[in-house]
Amino acid sequence: MSEISHRREASHSGAVAERGPVVRGARPLAWAAVDPGQHTVALSCRAVEKRFPGDVVALDGLDLEVPRGAFFGLLGPNGAGKTTIIRSIVGLTRPDAGDIEVFGLPAHGATATDSRRLVGYAPQDFGLDRFVTVRLLLELHGRYFGMSRRDAARRTDELLEVFDLTDKAGALPNRLSGGMRRRLVLARALVHRPPLVILDEPTAGVDIELRLDLWEYIRRLHADGTTILLTTHYLEEAEALCDRVAFIQHGRIAAQGDPAELLSRFGAERLEDVYLQLVGR
Amino acid sequence: MTGGQLRRGQWLGVLALIEREVLRRVLRLWMQTIAPQVVAAGLFVVVFGVALGNSIRTIGGVPYEQFIVPGLTLMGVATAAFSNNATTLYQARSEGFIEDQVSSPMTPTQLAIGYTVGGVVRGLFIGVLTLGAARLFVDFPVEHPLALAGALLCAALAFAGLGTVVGLYSRSWELQSFVGAIVIQPLVFLGGVFYSVASLDQPYEAASHADPILYLVEASRFGILGTADVDPWISFGVSFGLAAGLLAWSWALFARGVGLRT
């Protein structure tokens, strides 16, 4: 695992700004259509609806706002709509109604492709291209997202080091252990330097040691100024990482706020108690 | 960064997708993607052309071993382009890694272009190698090289498009096996690859003209031998129309997100 470094980085306007601790190689998006720094809201979902065949209501007028720079936890039971809203944000699911904007850019419609540059997505059920090596998988991802071959290669080297995958750079992804594949999926989401990273159940089914490692990676990413939207079943994970959480139930946001505020509002000691009150148990 | 630079970035993505399809899949897996079809085409030339050619001397004044080369080449191009796109898209969908491309800034049209180019390159690669393998056993002319290139390109585009359609609709490997074995193979064999449709009695001769592959075979035959049973303008018109229609279908599926977005 690489060390955390402090450094001065050029901002989009060309000015040089002092930055806090960063993951080595995690630099601001240098080529995005918009300057994410101009927006105080990283993600905005308004009245988003989605029904699946069989009249299954996955999203029922969901409203959600993620401030820029937040570490935002989206919590809820299975089938509550967490993955559907995430897939809607990255363009893999098309909502029936409502608006989604990423740093002010619409996530659907003719200009949706511009917003996708700003999002890094680590899915829960990750599919990794088994025809290419770990290194090429990362490089190709960067190039799919518009990076030049050279920039993608340089960024890949950085991320291989950050995620302790340098030794496996020439291996095929299906030869990696489960933990390595988790790290690879996280690295893949970061190749194009997105200012908003969406992590769908990043620690589901992993052992405690790897979970703590992944937490550390994610914390460093957030410390770099990246906005993070995290879904998780583990309420202690949300308590440990998130500065703001929302509970989703039946396709709507049932409650949201910073953890202390929610605990106070619900007279609870832990987020788990808030969750149990919301689901009526 | 300007809009032009952003658009350029999208095309860099398309180039990466083409590289992934052609260099990292087709060429790296050449023992599965290239060698079997070239060997099969070579065997057809040897068995049907060189061996049986002694029994069937000429068709329309053309030595039989020469007569079958255009159709065999066309058959190789069509089956390679089809199976390439049907397989690669179904694999990428079923294993989930297509989401990396679908959630990227590339537009549906650009994704369609990337995958189509992959199928076309593999198809034409097979076509060129088939011609080379046939040349080892049979001496044949290439009377109209541009016409031959046009015919093979139409075939590659058309069947890459059909492969894309099947790859996007497939929910298992069965659909592509079915289309390959029950649709494409019979149409190819009944499309005049091994015989002249002009020699058939009615209504078989007339029925043969309902087979779109006949026109691709005849266009290819015109390009190599300089002679064909069907007017070259009609052959090229139908071939172009077939390619345009199947590509439009495949593009429409990408645009609607069929098999890609829920």
# chains A, B, ... in the order shown; residues from 1 in each chain; ligands from 1

call {"tool": "interface_residues", "arguments": {"of": "chain B", "to": "chain A", "cutoff": "10 Å", "atoms": "only C-alpha atoms", "output": "PyMOL selection string"}}
result
chain B and resi 1-3+5-17+19-21+24-25+28-29+91-108+257+260-262

call {"tool": "write_last_selection", "arguments": {"atoms": "C-alpha atoms", "output": "short mmCIF file (atom, residue, chain, number, x, y, z; two decimals), in the first residue's frame"}}
result
data_model
loop_
_atom_site.label_atom_id
_atom_site.label_comp_id
_atom_site.auth_asym_id
_atom_site.auth_seq_id
_atom_site.Cartn_x
_atom_site.Cartn_y
_atom_site.Cartn_z
CA MET B 1 -11.61 21.71 -22.08
CA THR B 2 -13.58 22.28 -25.23
CA GLY B 3 -16.48 20.25 -26.55
CA GLN B 5 -11.72 17.69 -27.10
CA LEU B 6 -14.47 15.90 -25.24
CA ARG B 7 -15.78 14.42 -28.47
CA ARG B 8 -12.23 13.39 -29.36
CA GLY B 9 -12.08 11.59 -26.03
CA GLN B 10 -15.15 9.59 -26.98
CA TRP B 11 -13.47 8.47 -30.19
CA LEU B 12 -10.38 7.46 -28.22
CA GLY B 13 -12.78 5.15 -26.39
CA VAL B 14 -13.98 3.68 -29.66
CA LEU B 15 -10.38 3.02 -30.72
CA ALA B 16 -9.78 1.26 -27.39
CA LEU B 17 -12.87 -0.88 -27.92
CA GLU B 19 -8.27 -2.66 -30.09
CA ARG B 20 -9.84 -4.80 -27.40
CA GLU B 21 -11.98 -6.64 -29.95
CA ARG B 24 -6.92 -8.67 -27.54
CA ARG B 25 -9.63 -11.09 -28.52
CA ARG B 28 -4.94 -13.48 -29.25
CA LEU B 29 -7.45 -16.32 -29.54
CA GLN B 91 -20.07 -13.10 -23.44
CA ALA B 92 -19.60 -9.49 -22.40
CA ARG B 93 -23.27 -9.25 -21.38
CA SER B 94 -23.52 -12.55 -19.56
CA GLU B 95 -20.28 -11.96 -17.64
CA GLY B 96 -21.18 -8.34 -16.94
CA PHE B 97 -18.06 -6.62 -18.22
CA ILE B 98 -19.94 -4.84 -21.00
CA GLU B 99 -21.18 -2.48 -18.27
CA ASP B 100 -17.73 -0.93 -18.21
CA GLN B 101 -18.25 0.15 -21.81
CA VAL B 102 -21.96 0.97 -21.55
CA SER B 103 -21.43 3.26 -18.54
CA SER B 104 -18.58 5.07 -20.31
CA PRO B 105 -18.99 8.36 -22.20
CA MET B 106 -19.22 6.49 -25.53
CA THR B 107 -22.56 6.95 -27.27
CA PRO B 108 -24.65 3.96 -28.39
CA GLY B 257 -30.21 -0.27 -24.97
CA LEU B 260 -27.53 -3.42 -22.24
CA ARG B 261 -29.67 -1.20 -20.04
CA THR B 262 -32.69 -2.07 -17.94
#

call {"tool": "residues_around", "arguments": {"residues": "range 167-171 of chain A", "least_positions_apart": "4", "cutoff": "8 Å", "atoms": "only C-alpha atoms", "output": "list in words"}}
result
Thr133, Val134, Arg135, Leu160, Arg175 and Leu176 of chain A

call {"tool": "write_last_selection", "arguments": {"atoms": "N, CA and C atoms", "output": "CSV table (one decimal), in the first residue's frame"}}
result
chain,number,residue,atom,x,y,z
A,133,THR,N,-5.3,-8.7,-19.5
A,133,THR,CA,-4.6,-8.7,-18.2
A,133,THR,C,-5.1,-7.6,-17.3
A,134,VAL,N,-4.7,-7.7,-16.0
A,134,VAL,CA,-5.1,-6.7,-15.0
A,134,VAL,C,-4.7,-5.3,-15.5
A,135,ARG,N,-3.5,-5.2,-16.0
A,135,ARG,CA,-3.0,-3.9,-16.4
A,135,ARG,C,-3.8,-3.4,-17.6
A,160,LEU,N,-2.1,0.5,-9.7
A,160,LEU,CA,-1.6,-0.8,-9.4
A,160,LEU,C,-0.8,-0.8,-8.1
A,175,ARG,N,-7.9,-15.1,-12.6
A,175,ARG,CA,-6.9,-15.8,-11.8
A,175,ARG,C,-6.6,-15.2,-10.4
A,176,LEU,N,-7.3,-14.0,-10.2
A,176,LEU,CA,-7.0,-13.3,-8.9
A,176,LEU,C,-7.9,-13.9,-7.8

call {"tool": "residues_around", "arguments": {"residues": "range 215-227 of chain B", "least_positions_apart": "2", "cutoff": "9 Å", "atoms": "only C-alpha atoms", "output": "ChimeraX atom specification"}}
result
/B:62,66-75,140-152,154-155,188,191-193,209,211-213,229-239

call {"tool": "residues_around", "arguments": {"residues": "range 262-272 of chain A", "least_positions_apart": "3", "cutoff": "12 Å", "atoms": "only C-alpha atoms", "output": "MDAnalysis selection string"}}
result
chainID A and resid 73 75:77 233:240 242:247 254:259 275:279 281

call {"tool": "select_by_dssp", "arguments": {"residues": "range 97-143 of chain A", "states": "strand (DSSP E)", "output": "VMD selection string"}}
result
chain A and resid 97 to 102 105 to 106 119 to 122

call {"tool": "residues_around", "arguments": {"residues": "Ala35 in chain B", "least_positions_apart": "6", "cutoff": "12 Å", "atoms": "only C-alpha atoms", "output": "ChimeraX atom specification"}}
result
/B:26-29,41-42,76,80,122,125-126,129-130,133

call {"tool": "write_last_selection", "arguments": {"atoms": "N, CA and C atoms", "output": "CSV table (one decimal), in the first residue's frame"}}
result
chain,number,residue,atom,x,y,z
B,26,VAL,N,-9.7,-11.3,-31.0
B,26,VAL,CA,-9.6,-12.1,-32.2
B,26,VAL,C,-8.2,-12.7,-32.4
B,27,LEU,N,-7.2,-11.8,-32.4
B,27,LEU,CA,-5.9,-12.2,-32.7
B,27,LEU,C,-5.2,-13.1,-31.6
B,28,ARG,N,-5.5,-12.7,-30.3
B,28,ARG,CA,-4.9,-13.5,-29.2
B,28,ARG,C,-5.5,-14.9,-29.2
B,29,LEU,N,-6.8,-15.0,-29.6
B,29,LEU,CA,-7.5,-16.3,-29.5
B,29,LEU,C,-7.5,-16.9,-31.0
B,41,ALA,N,-12.2,-23.9,-44.8
B,41,ALA,CA,-12.3,-23.4,-46.2
B,41,ALA,C,-11.3,-24.2,-47.1
B,42,GLY,N,-10.1,-24.4,-46.6
B,42,GLY,CA,-9.1,-25.1,-47.3
B,42,GLY,C,-9.5,-26.5,-47.7
B,76,GLY,N,-16.9,-17.9,-45.5
B,76,GLY,CA,-16.0,-17.7,-44.4
B,76,GLY,C,-16.2,-16.3,-43.8
B,80,ALA,N,-17.7,-15.8,-40.0
B,80,ALA,CA,-16.8,-15.3,-39.0
B,80,ALA,C,-17.3,-14.0,-38.4
B,122,ARG,N,-12.5,-9.2,-38.4
B,122,ARG,CA,-12.3,-10.6,-38.3
B,122,ARG,C,-12.8,-11.3,-39.6
B,125,PHE,N,-10.5,-10.6,-42.5
B,125,PHE,CA,-9.2,-11.3,-42.2
B,125,PHE,C,-9.4,-12.8,-42.7
B,126,ILE,N,-10.5,-13.4,-42.3
B,126,ILE,CA,-10.8,-14.8,-42.7
B,126,ILE,C,-10.9,-14.8,-44.2
B,129,LEU,N,-7.4,-14.7,-45.8
B,129,LEU,CA,-6.7,-16.0,-45.5
B,129,LEU,C,-7.3,-17.1,-46.3
B,130,THR,N,-8.7,-17.1,-46.5
B,130,THR,CA,-9.3,-18.1,-47.3
B,130,THR,C,-8.8,-18.1,-48.8
B,133,ALA,N,-5.4,-19.4,-48.9
B,133,ALA,CA,-5.3,-20.9,-48.7
B,133,ALA,C,-5.8,-21.5,-50.0

call {"tool": "residues_around", "arguments": {"residues": "Phe159 in chain B", "least_positions_apart": "3", "cutoff": "7 Å", "atoms": "only C-alpha atoms", "output": "PyMOL selection string"}}
result
chain B and resi 78+81-82+155-156+162-163

call {"tool": "write_last_selection", "arguments": {"atoms": "C-alpha atoms", "output": "mmCIF file, in the first residue's frame"}}
result
data_model
loop_
_atom_site.group_PDB
_atom_site.id
_atom_site.type_symbol
_atom_site.label_atom_id
_atom_site.label_comp_id
_atom_site.auth_asym_id
_atom_site.auth_seq_id
_atom_site.Cartn_x
_atom_site.Cartn_y
_atom_site.Cartn_z
ATOM 1 C CA ALA B 78 -20.134 -14.162 -43.270
ATOM 2 C CA ALA B 81 -18.353 -11.797 -38.798
ATOM 3 C CA PHE B 82 -21.579 -13.255 -37.439
ATOM 4 C CA ALA B 155 -20.966 -9.469 -46.331
ATOM 5 C CA ALA B 156 -18.826 -8.587 -43.324
ATOM 6 C CA LEU B 162 -26.763 -9.759 -37.625
ATOM 7 C CA GLY B 163 -24.289 -11.092 -35.052
#

call {"tool": "residues_around", "arguments": {"residues": "Gly205 in chain A", "least_positions_apart": "5", "cutoff": "12 Å", "atoms": "only C-alpha atoms", "output": "ChimeraX atom specification"}}
result
/A:124-125,178-179,182,210-211,232-234

call {"tool": "closest_residue", "arguments": {"among": "B:Ala181, B:Ala207, B:Val50, B:Leu111", "to": "Phe137 in chain B", "atoms": "only C-alpha atoms"}}
result
B:Val50

call {"tool": "select_by_dssp", "arguments": {"residues": "range 58-199 of chain A", "states": "alpha helix (DSSP H)", "output": "number ranges by chain"}}
result
A: 82-89, 112-116, 134-144, 149-162, 178-190
